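The file input-v7.txt comes next; it holds compact mmCIF, C-alpha atoms.
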# COMPACT_ATOMS: atom_id res chain seq x y z
CA THR A 1 0.00 0.00 0.00
CA LEU A 2 1.35 3.43 -0.91
CA ALA A 3 0.52 6.56 1.06
CA LEU A 4 1.71 10.14 1.18
CA SER A 5 2.54 11.85 4.45
CA CYS A 6 2.46 15.61 3.94
CA THR A 7 3.33 18.50 6.21
CA THR A 8 2.67 22.15 5.42
CA ALA A 9 4.50 25.01 7.10
CA LEU A 10 1.90 27.17 8.80
CA THR A 11 4.09 28.82 11.35
CA PRO A 12 3.95 30.89 13.46
CA HIS A 13 0.20 30.25 13.87
CA ASP A 14 -1.10 26.83 12.79
CA THR A 15 -4.84 26.98 13.40
CA SER A 16 -6.08 24.73 10.63
CA ARG A 17 -7.13 21.95 13.03
CA GLU A 18 -9.71 24.11 14.70
CA GLY A 19 -11.34 25.46 11.58
CA ALA A 20 -12.09 28.90 10.35
CA MET A 21 -11.99 31.46 13.09
CA ILE A 22 -9.04 33.10 14.85
CA ALA A 23 -10.20 33.54 18.45
CA PRO A 24 -9.35 32.40 21.97
CA PRO A 25 -11.29 29.46 23.43
CA LEU A 26 -14.78 30.22 24.65
CA ALA A 27 -15.47 29.11 28.18
CA PRO A 28 -18.75 27.30 28.83
CA GLY A 29 -21.57 29.28 30.37
CA PRO A 30 -24.16 31.91 29.48
CA ARG A 31 -23.31 35.09 27.64
CA ARG A 32 -25.48 38.19 27.59
CA CYS A 33 -24.63 40.63 24.85
CA PRO A 34 -20.85 40.00 24.66
CA ILE A 35 -21.15 40.26 20.90
CA HIS A 36 -18.14 40.92 18.68
CA PRO A 37 -18.51 44.35 16.98
CA ALA A 38 -18.38 42.65 13.58
CA ALA A 39 -21.07 40.13 14.46
CA ARG A 40 -24.12 42.26 15.20
CA SER A 41 -27.48 40.99 14.05
CA CYS A 42 -29.59 43.02 11.67
CA ASP A 43 -32.84 42.71 9.76
CA ALA A 44 -31.13 40.65 7.07
CA GLY A 45 -29.80 38.16 9.60
CA PRO A 46 -26.54 37.67 11.47
CA VAL A 47 -23.44 39.49 10.29
CA TRP A 48 -20.39 37.27 10.69
CA SER A 49 -17.01 38.44 11.90
CA ALA A 50 -14.51 39.16 9.14
CA THR A 51 -12.14 36.60 10.70
CA VAL A 52 -14.47 33.72 9.80
CA VAL A 53 -13.16 32.24 6.55
CA GLY A 54 -13.80 29.14 4.51
CA ARG A 55 -17.17 28.22 6.04
CA ALA A 56 -19.65 30.13 3.89
CA GLU A 57 -22.05 27.22 3.43
CA GLU A 58 -21.88 26.17 7.08
CA LEU A 59 -22.39 29.73 8.32
CA GLY A 60 -25.34 30.06 5.98
CA ARG A 61 -26.99 27.04 7.60
CA VAL A 62 -26.43 28.48 11.06
CA SER A 63 -27.72 31.86 9.90
CA VAL A 64 -31.02 30.27 8.82
CA LEU A 65 -31.38 28.70 12.27
CA LEU A 66 -30.72 31.99 14.07
CA ARG A 67 -33.19 33.91 11.90
CA GLY A 68 -35.83 31.30 12.61
CA VAL A 69 -35.23 31.54 16.36
CA ARG A 70 -35.51 35.31 16.24
CA ASP A 71 -38.80 34.97 14.35
CA GLY A 72 -40.21 32.55 16.92
CA ARG A 73 -39.44 29.17 15.34
CA PHE A 74 -37.73 26.44 17.30
CA GLY A 75 -34.80 24.81 15.52
CA VAL A 76 -32.04 22.27 16.10
CA LEU A 77 -28.72 21.90 14.29
CA VAL A 78 -26.45 18.90 14.93
CA ILE A 79 -22.92 19.64 13.73
CA GLU A 80 -20.82 16.56 13.03
CA GLY A 81 -17.20 16.11 12.01
CA ASP A 82 -13.80 14.73 12.91
CA ALA A 83 -11.79 15.91 15.91
CA GLY A 84 -10.33 19.37 15.39
CA ILE A 85 -12.18 19.98 12.13
CA GLY A 86 -13.77 23.23 13.36
CA LYS A 87 -17.09 22.28 14.97
CA THR A 88 -16.47 24.27 18.15
CA THR A 89 -15.20 27.24 16.15
CA LEU A 90 -18.36 27.23 14.05
CA VAL A 91 -20.56 27.18 17.15
CA ARG A 92 -18.51 29.99 18.66
CA ALA A 93 -19.20 32.07 15.56
CA ALA A 94 -22.89 31.23 15.85
CA CYS A 95 -22.99 32.35 19.47
CA ASP A 96 -21.24 35.62 18.58
CA ALA A 97 -23.78 36.25 15.83
CA ALA A 98 -26.86 35.46 17.90
CA GLY A 99 -27.50 39.15 18.53
CA GLU A 100 -27.43 41.43 21.54
CA GLU A 101 -30.94 40.54 22.63
CA ALA A 102 -30.31 36.78 22.79
CA LEU A 103 -29.45 34.69 25.83
CA VAL A 104 -26.66 32.35 24.76
CA LEU A 105 -26.06 29.28 26.94
CA TRP A 106 -22.87 27.40 26.09
CA GLY A 107 -22.14 24.03 27.69
CA ALA A 108 -19.62 21.28 27.09
CA CYS A 109 -19.58 17.59 27.97
CA LEU A 110 -16.38 16.13 29.42
CA PRO A 111 -14.72 12.69 29.26
CA LEU A 112 -14.70 12.12 33.00
CA ILE A 113 -13.12 8.87 34.18
CA SER A 114 -13.68 8.32 37.90
CA ALA A 115 -16.39 10.87 38.63
CA ALA A 116 -19.98 11.01 37.45
CA VAL A 117 -21.61 14.43 37.13
CA PRO A 118 -25.17 14.08 35.84
CA LEU A 119 -26.24 16.70 33.31
CA ILE A 120 -22.70 18.09 33.10
CA GLY A 121 -23.19 19.54 29.64
CA LEU A 122 -26.30 21.43 30.76
CA ARG A 123 -24.91 22.40 34.16
CA SER A 124 -21.92 24.06 32.50
CA ALA A 125 -24.27 25.95 30.18
CA VAL A 126 -25.95 27.80 33.08
CA ARG A 127 -22.94 27.91 35.40
CA GLY A 128 -22.28 31.59 34.70
CA LEU A 129 -25.81 32.67 35.54
CA PRO A 130 -26.52 34.01 39.01
CA VAL A 131 -27.73 31.15 41.20
CA GLY A 132 -31.14 32.76 41.53
CA GLU A 133 -31.65 32.68 37.76
CA ARG A 134 -30.67 29.06 37.15
CA PRO A 135 -33.28 26.33 36.87
CA ALA A 136 -33.65 24.39 40.12
CA VAL A 137 -32.70 21.12 38.43
CA LEU A 138 -29.34 22.64 37.43
CA GLY A 139 -28.33 24.19 40.72
CA GLY A 140 -30.85 27.01 41.05
CA PRO A 141 -33.11 27.75 44.01
CA VAL A 142 -35.83 25.22 44.84
CA PRO A 143 -39.27 26.83 44.28
CA ARG A 144 -41.34 27.53 47.38
CA SER A 145 -44.63 25.71 47.83
CA GLY A 146 -47.23 27.34 45.67
CA ALA A 147 -44.64 29.18 43.61
CA GLU A 148 -44.35 28.57 39.90
CA GLY A 149 -42.92 25.10 39.35
CA GLY A 150 -43.53 24.03 42.93
CA ARG A 151 -45.79 21.16 43.88
CA SER A 152 -46.70 21.16 47.52
CA GLY A 153 -46.71 17.60 48.79
CA GLY A 154 -46.49 16.21 45.26
CA PRO A 155 -43.74 14.41 43.40
CA ALA A 156 -40.75 16.32 42.10
CA VAL A 157 -40.97 17.57 38.54
CA PRO A 158 -38.82 15.35 36.27
CA VAL A 159 -35.59 16.99 35.16
CA PRO A 160 -36.43 17.03 31.43
CA VAL A 161 -39.81 18.65 32.09
CA ALA A 162 -38.38 21.24 34.47
CA LEU A 163 -35.57 22.15 32.06
CA ASP A 164 -37.96 22.47 29.12
CA ASP A 165 -40.31 24.67 31.17
CA TRP A 166 -37.39 26.91 32.19
CA LEU A 167 -36.13 27.28 28.62
CA SER A 168 -39.63 28.05 27.38
CA ALA A 169 -40.01 30.74 30.05
CA GLN A 170 -36.69 32.29 29.04
CA ALA A 171 -37.69 32.20 25.36
CA VAL A 172 -40.78 34.28 26.14
CA GLN A 173 -38.51 37.10 27.31
CA ARG A 174 -35.87 36.92 24.55
CA PRO A 175 -34.40 34.54 21.96
CA VAL A 176 -32.41 31.70 23.54
CA VAL A 177 -29.58 29.71 21.97
CA LEU A 178 -28.50 26.56 23.82
CA ALA A 179 -25.22 25.09 22.55
CA VAL A 180 -23.85 21.81 23.91
CA ASP A 181 -20.38 20.87 22.70
CA ASP A 182 -18.89 17.34 22.49
CA LEU A 183 -22.18 15.48 22.82
CA HIS A 184 -20.36 12.15 22.30
CA TRP A 185 -19.27 12.45 25.95
CA ALA A 186 -22.76 13.22 27.26
CA ASP A 187 -24.28 11.18 30.09
CA GLU A 188 -27.67 9.54 29.72
CA GLU A 189 -29.39 12.19 31.85
CA THR A 190 -28.19 14.92 29.49
CA LEU A 191 -29.40 12.99 26.44
CA ASP A 192 -32.80 12.37 28.02
CA ALA A 193 -33.24 16.03 28.93
CA LEU A 194 -32.21 17.18 25.46
CA MET A 195 -34.53 14.66 23.83
CA TYR A 196 -37.49 16.12 25.74
CA VAL A 197 -36.48 19.69 24.83
CA LEU A 198 -36.07 18.78 21.16
CA ALA A 199 -39.53 17.22 21.12
CA GLY A 200 -41.10 20.32 22.66
CA PRO A 201 -43.28 23.09 21.17
CA ALA A 202 -42.20 24.38 17.77
CA GLU A 203 -43.43 27.95 18.23
CA ARG A 204 -40.87 29.34 20.65
CA ARG A 205 -37.73 31.46 20.31
CA LEU A 206 -35.32 28.67 21.11
CA GLY A 207 -32.47 27.23 19.09
CA VAL A 208 -30.33 24.23 20.05
CA ILE A 209 -26.90 23.62 18.52
CA LEU A 210 -25.08 20.35 19.27
CA THR A 211 -21.65 19.14 18.19
CA VAL A 212 -20.64 15.51 17.78
CA ARG A 213 -17.25 14.01 17.00
CA SER A 214 -18.09 11.49 14.31
CA THR A 215 -15.08 9.26 14.94
CA ASP A 216 -16.09 8.76 18.59
CA VAL A 217 -19.56 7.38 17.84
CA ALA A 218 -18.95 3.65 17.41
CA PRO A 219 -21.71 1.32 16.09
CA HIS A 220 -22.86 0.44 19.62
CA HIS A 221 -22.38 3.89 21.14
CA PRO A 222 -25.58 5.06 22.96
CA LEU A 223 -25.46 8.32 21.02
CA ARG A 224 -25.92 6.53 17.69
CA ARG A 225 -29.44 5.39 18.63
CA TRP A 226 -30.18 8.80 20.16
CA LEU A 227 -29.21 10.56 16.93
CA ALA A 228 -31.36 8.17 14.92
CA ASP A 229 -34.33 8.98 17.17
CA ILE A 230 -34.01 12.78 16.98
CA ARG A 231 -33.76 12.70 13.18
CA ARG A 232 -37.46 11.90 13.14
CA LEU A 233 -38.34 15.04 15.09
CA PRO A 234 -39.49 18.16 13.20
CA GLY A 235 -36.99 21.00 13.06
CA VAL A 236 -33.89 18.84 13.52
CA GLU A 237 -31.19 19.29 10.88
CA GLU A 238 -27.66 17.96 10.53
CA LEU A 239 -24.53 19.65 9.25
CA ALA A 240 -21.35 17.76 8.33
CA VAL A 241 -18.18 19.85 8.63
CA GLY A 242 -15.30 18.85 6.38
CA PRO A 243 -11.67 20.02 6.24
CA LEU A 244 -10.63 23.39 4.88
CA THR A 245 -9.04 23.61 1.46
CA ARG A 246 -5.44 24.75 1.12
CA GLY A 247 -6.60 28.16 -0.05
CA GLU A 248 -8.94 28.49 2.94
CA VAL A 249 -6.12 27.55 5.30
CA ALA A 250 -3.97 30.25 3.72
CA ALA A 251 -6.79 32.80 4.19
CA GLU A 252 -7.22 31.73 7.80
CA VAL A 253 -3.53 32.12 8.59
CA ALA A 254 -3.47 35.46 6.81
CA ALA A 255 -6.35 36.63 9.01
CA GLY A 256 -4.34 35.71 12.10
CA LEU A 257 -1.14 37.33 10.87
CA GLY A 258 -2.75 40.43 9.43
CA GLY A 259 -1.13 39.82 6.03
CA PRO A 260 -0.37 37.20 3.41
CA ALA A 261 0.30 33.75 4.87
CA PRO A 262 3.92 32.59 4.42
CA LEU A 263 2.94 29.12 3.22
CA ARG A 264 5.68 26.98 1.77
CA PRO A 265 4.97 24.12 -0.63
CA ALA A 266 3.89 20.96 1.15
CA ARG A 267 6.72 18.53 1.85
CA CYS A 268 5.63 14.99 0.98
CA ARG A 269 7.43 11.76 1.57
CA ARG A 270 6.47 8.29 0.49
CA ARG A 271 5.76 5.64 3.05
CA ARG A 272 5.14 1.98 2.51
CA TRP A 273 3.58 -0.52 4.89
Is it possible to express this structure as structure tokens?
Amino acid sequence: TLALSCTTALTPHDTSREGAMIAPPLAPGPRRCPIHPAARSCDAGPVWSATVVGRAEELGRVSVLLRGVRDGRFGVLVIEGDAGIGKTTLVRAACDAAGEEALVLWGACLPLISAAVPLIGLRSAVRGLPVGERPAVLGGPVPRSGAEGGRSGGPAVPVPVALDDWLSAQAVQRPVVLAVDDLHWADEETLDALMYVLAGPAERRLGVILTVRSTDVAPHHPLRRWLADIRRLPGVEELAVGPLTRGEVAAEVAAGLGGPAPLRPARCRRRRW
């Protein structure tokens, strides 16, 4: 078998693994109006930062979702791709373009080994909110008897129902974008809660963006069945993210350097095995 192993000089900033946006990592949690000056929303839809390159089609799909949310239509976008291909970067751009009026909740699942933290992807999404504003099922205050959501002497409200009610209440006040990164590491409680939210009312200003590392979803992975189930729900769409072209990589590096990218021809060597 003959293969080519190629390396391209991208120094001093090699960002091609993470996709098409030069920006520091975005910490999980809610963001209220921390919008990049070049990513304000307008009547025509989101305006993307000039540093986003090589993802015109993908950004167009996200733009459609955000316009629908602003207009009161619930939508879901599942972004799939290999590790480091740019899924997180694309979601970061979406969150920046959500608009000043939107409540953006960003969470990330983690590959924990010895500890089990139920709902970790959702807990991290609301972690930056004041405790009094979080839903009770994710660390917020427990409602008093008779208060909204409280059931005096009755059974506790199931987590999926309580989360869906809280998101719906937030969506009445302003558009809400819930992004959960690395769903392939999600626990079953997170998947159950998201399933209930995704099957909820269609007429609400709520958008859900999920990222999945394709290579980590083996044939018997629990997420494979979950993804098959949500595909049957209305409003759920999928987006496969592929690698950047050489020209797009050059444009990305140029954006980071503030000038033409000093790309040298790829060095290829033959390997046999």
Next item on the list: Determine, counting only C-alpha atoms, which protein, DNA and RNA residues have an atom within 6 Å of an atom of stretch 57-73 of chain A; residues of the same chain fewer than 4 positions away are not included. Present the result as a PyMOL selection string.
Entry: chain A and resi 45+175+203-207
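When atom CA of A:Val126 is paired with atom CA of A:Ala218, their separation reads 29.6 Å.
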What's around A:Val117 at 12 Å? Count all atoms listed in the file, leave out sequence neighbours fewer than 3 positions away in its own chain, and write the answer as a ChimeraX atom specification.
/A:109-114,120-124,138,185-190
Separating atom CA of A:Val253 from atom CA of A:Ala94, to the nearest tenth of an Å, is a gap of 20.7 Å
Computed gap from atom CA of A:Trp106 to atom CA of A:Leu129 is 11.2 Å
From the list A:Val176, A:Ala115, A:Leu105, A:Val161, the nearest residue to A:Ala193 using all atoms listed in the file is A:Val161
Counting all atoms listed in the file, what is within 8 Å of A:Ala240, bar same-chain residues fewer than 3 positions away, as a PyMOL selection string? chain A and resi 79-81
Write out, as a short mmCIF file (atom, residue, chain, number, x, y, z; two decimals), in the coordinates of the input, the residues just selected, with C-alpha atoms.
data_model
loop_
_atom_site.label_atom_id
_atom_site.label_comp_id
_atom_site.auth_asym_id
_atom_site.auth_seq_id
_atom_site.Cartn_x
_atom_site.Cartn_y
_atom_site.Cartn_z
CA ILE A 79 -22.92 19.64 13.73
CA GLU A 80 -20.82 16.56 13.03
CA GLY A 81 -17.20 16.11 12.01
#
Can you tell me which residues surround A:Leu163 at a distance of at most 12 Å, considering only C-alpha atoms, apart from same-chain residues fewer than 5 positions away, and format the answer as an mmCIF file with C-alpha atoms, in the coordinates of the input?
data_model
loop_
_atom_site.group_PDB
_atom_site.id
_atom_site.type_symbol
_atom_site.label_atom_id
_atom_site.label_comp_id
_atom_site.auth_asym_id
_atom_site.auth_seq_id
_atom_site.Cartn_x
_atom_site.Cartn_y
_atom_site.Cartn_z
ATOM 1 C CA LEU A 119 -26.240 16.700 33.310
ATOM 2 C CA LEU A 122 -26.300 21.430 30.760
ATOM 3 C CA ARG A 123 -24.910 22.400 34.160
ATOM 4 C CA VAL A 126 -25.950 27.800 33.080
ATOM 5 C CA ARG A 134 -30.670 29.060 37.150
ATOM 6 C CA PRO A 135 -33.280 26.330 36.870
ATOM 7 C CA ALA A 136 -33.650 24.390 40.120
ATOM 8 C CA VAL A 137 -32.700 21.120 38.430
ATOM 9 C CA LEU A 138 -29.340 22.640 37.430
ATOM 10 C CA GLY A 139 -28.330 24.190 40.720
ATOM 11 C CA GLY A 140 -30.850 27.010 41.050
ATOM 12 C CA GLY A 149 -42.920 25.100 39.350
ATOM 13 C CA VAL A 157 -40.970 17.570 38.540
ATOM 14 C CA PRO A 158 -38.820 15.350 36.270
ATOM 15 C CA SER A 168 -39.630 28.050 27.380
ATOM 16 C CA ALA A 169 -40.010 30.740 30.050
ATOM 17 C CA GLN A 170 -36.690 32.290 29.040
ATOM 18 C CA LEU A 178 -28.500 26.560 23.820
ATOM 19 C CA GLU A 189 -29.390 12.190 31.850
ATOM 20 C CA THR A 190 -28.190 14.920 29.490
ATOM 21 C CA ASP A 192 -32.800 12.370 28.020
ATOM 22 C CA ALA A 193 -33.240 16.030 28.930
ATOM 23 C CA LEU A 194 -32.210 17.180 25.460
ATOM 24 C CA MET A 195 -34.530 14.660 23.830
ATOM 25 C CA TYR A 196 -37.490 16.120 25.740
ATOM 26 C CA VAL A 197 -36.480 19.690 24.830
ATOM 27 C CA LEU A 198 -36.070 18.780 21.160
ATOM 28 C CA GLY A 200 -41.100 20.320 22.660
#
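With distances restricted to only C-alpha atoms, A:Thr211 is the closest residue to A:Val91 from A:Leu227, A:Thr211, A:Ala125, A:Gln173.
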Using only C-alpha atoms, the residue out of A:Ala250, A:Ala171, A:Ala179, A:Ala162 with shortest distance to A:Ala93 is A:Ala179
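Distance annotation: of A:Leu90, A:Ala108, A:Leu191, A:Val142, the residue with the minimal separation from A:Asp229 is A:Leu191; atom set is only C-alpha atoms.
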As lines of an AutoDock Vina configuration file, please report the centre and edge lengths, rounded to one decimal in Å, of the axis-aligned box that holds all listed atoms of stretch 162-176 of chain A with 8 Å of padding on each of the six sides.
center_x = -36.6
center_y = 29.2
center_z = 28.2
size_x = 24.4
size_y = 31.9
size_z = 28.5
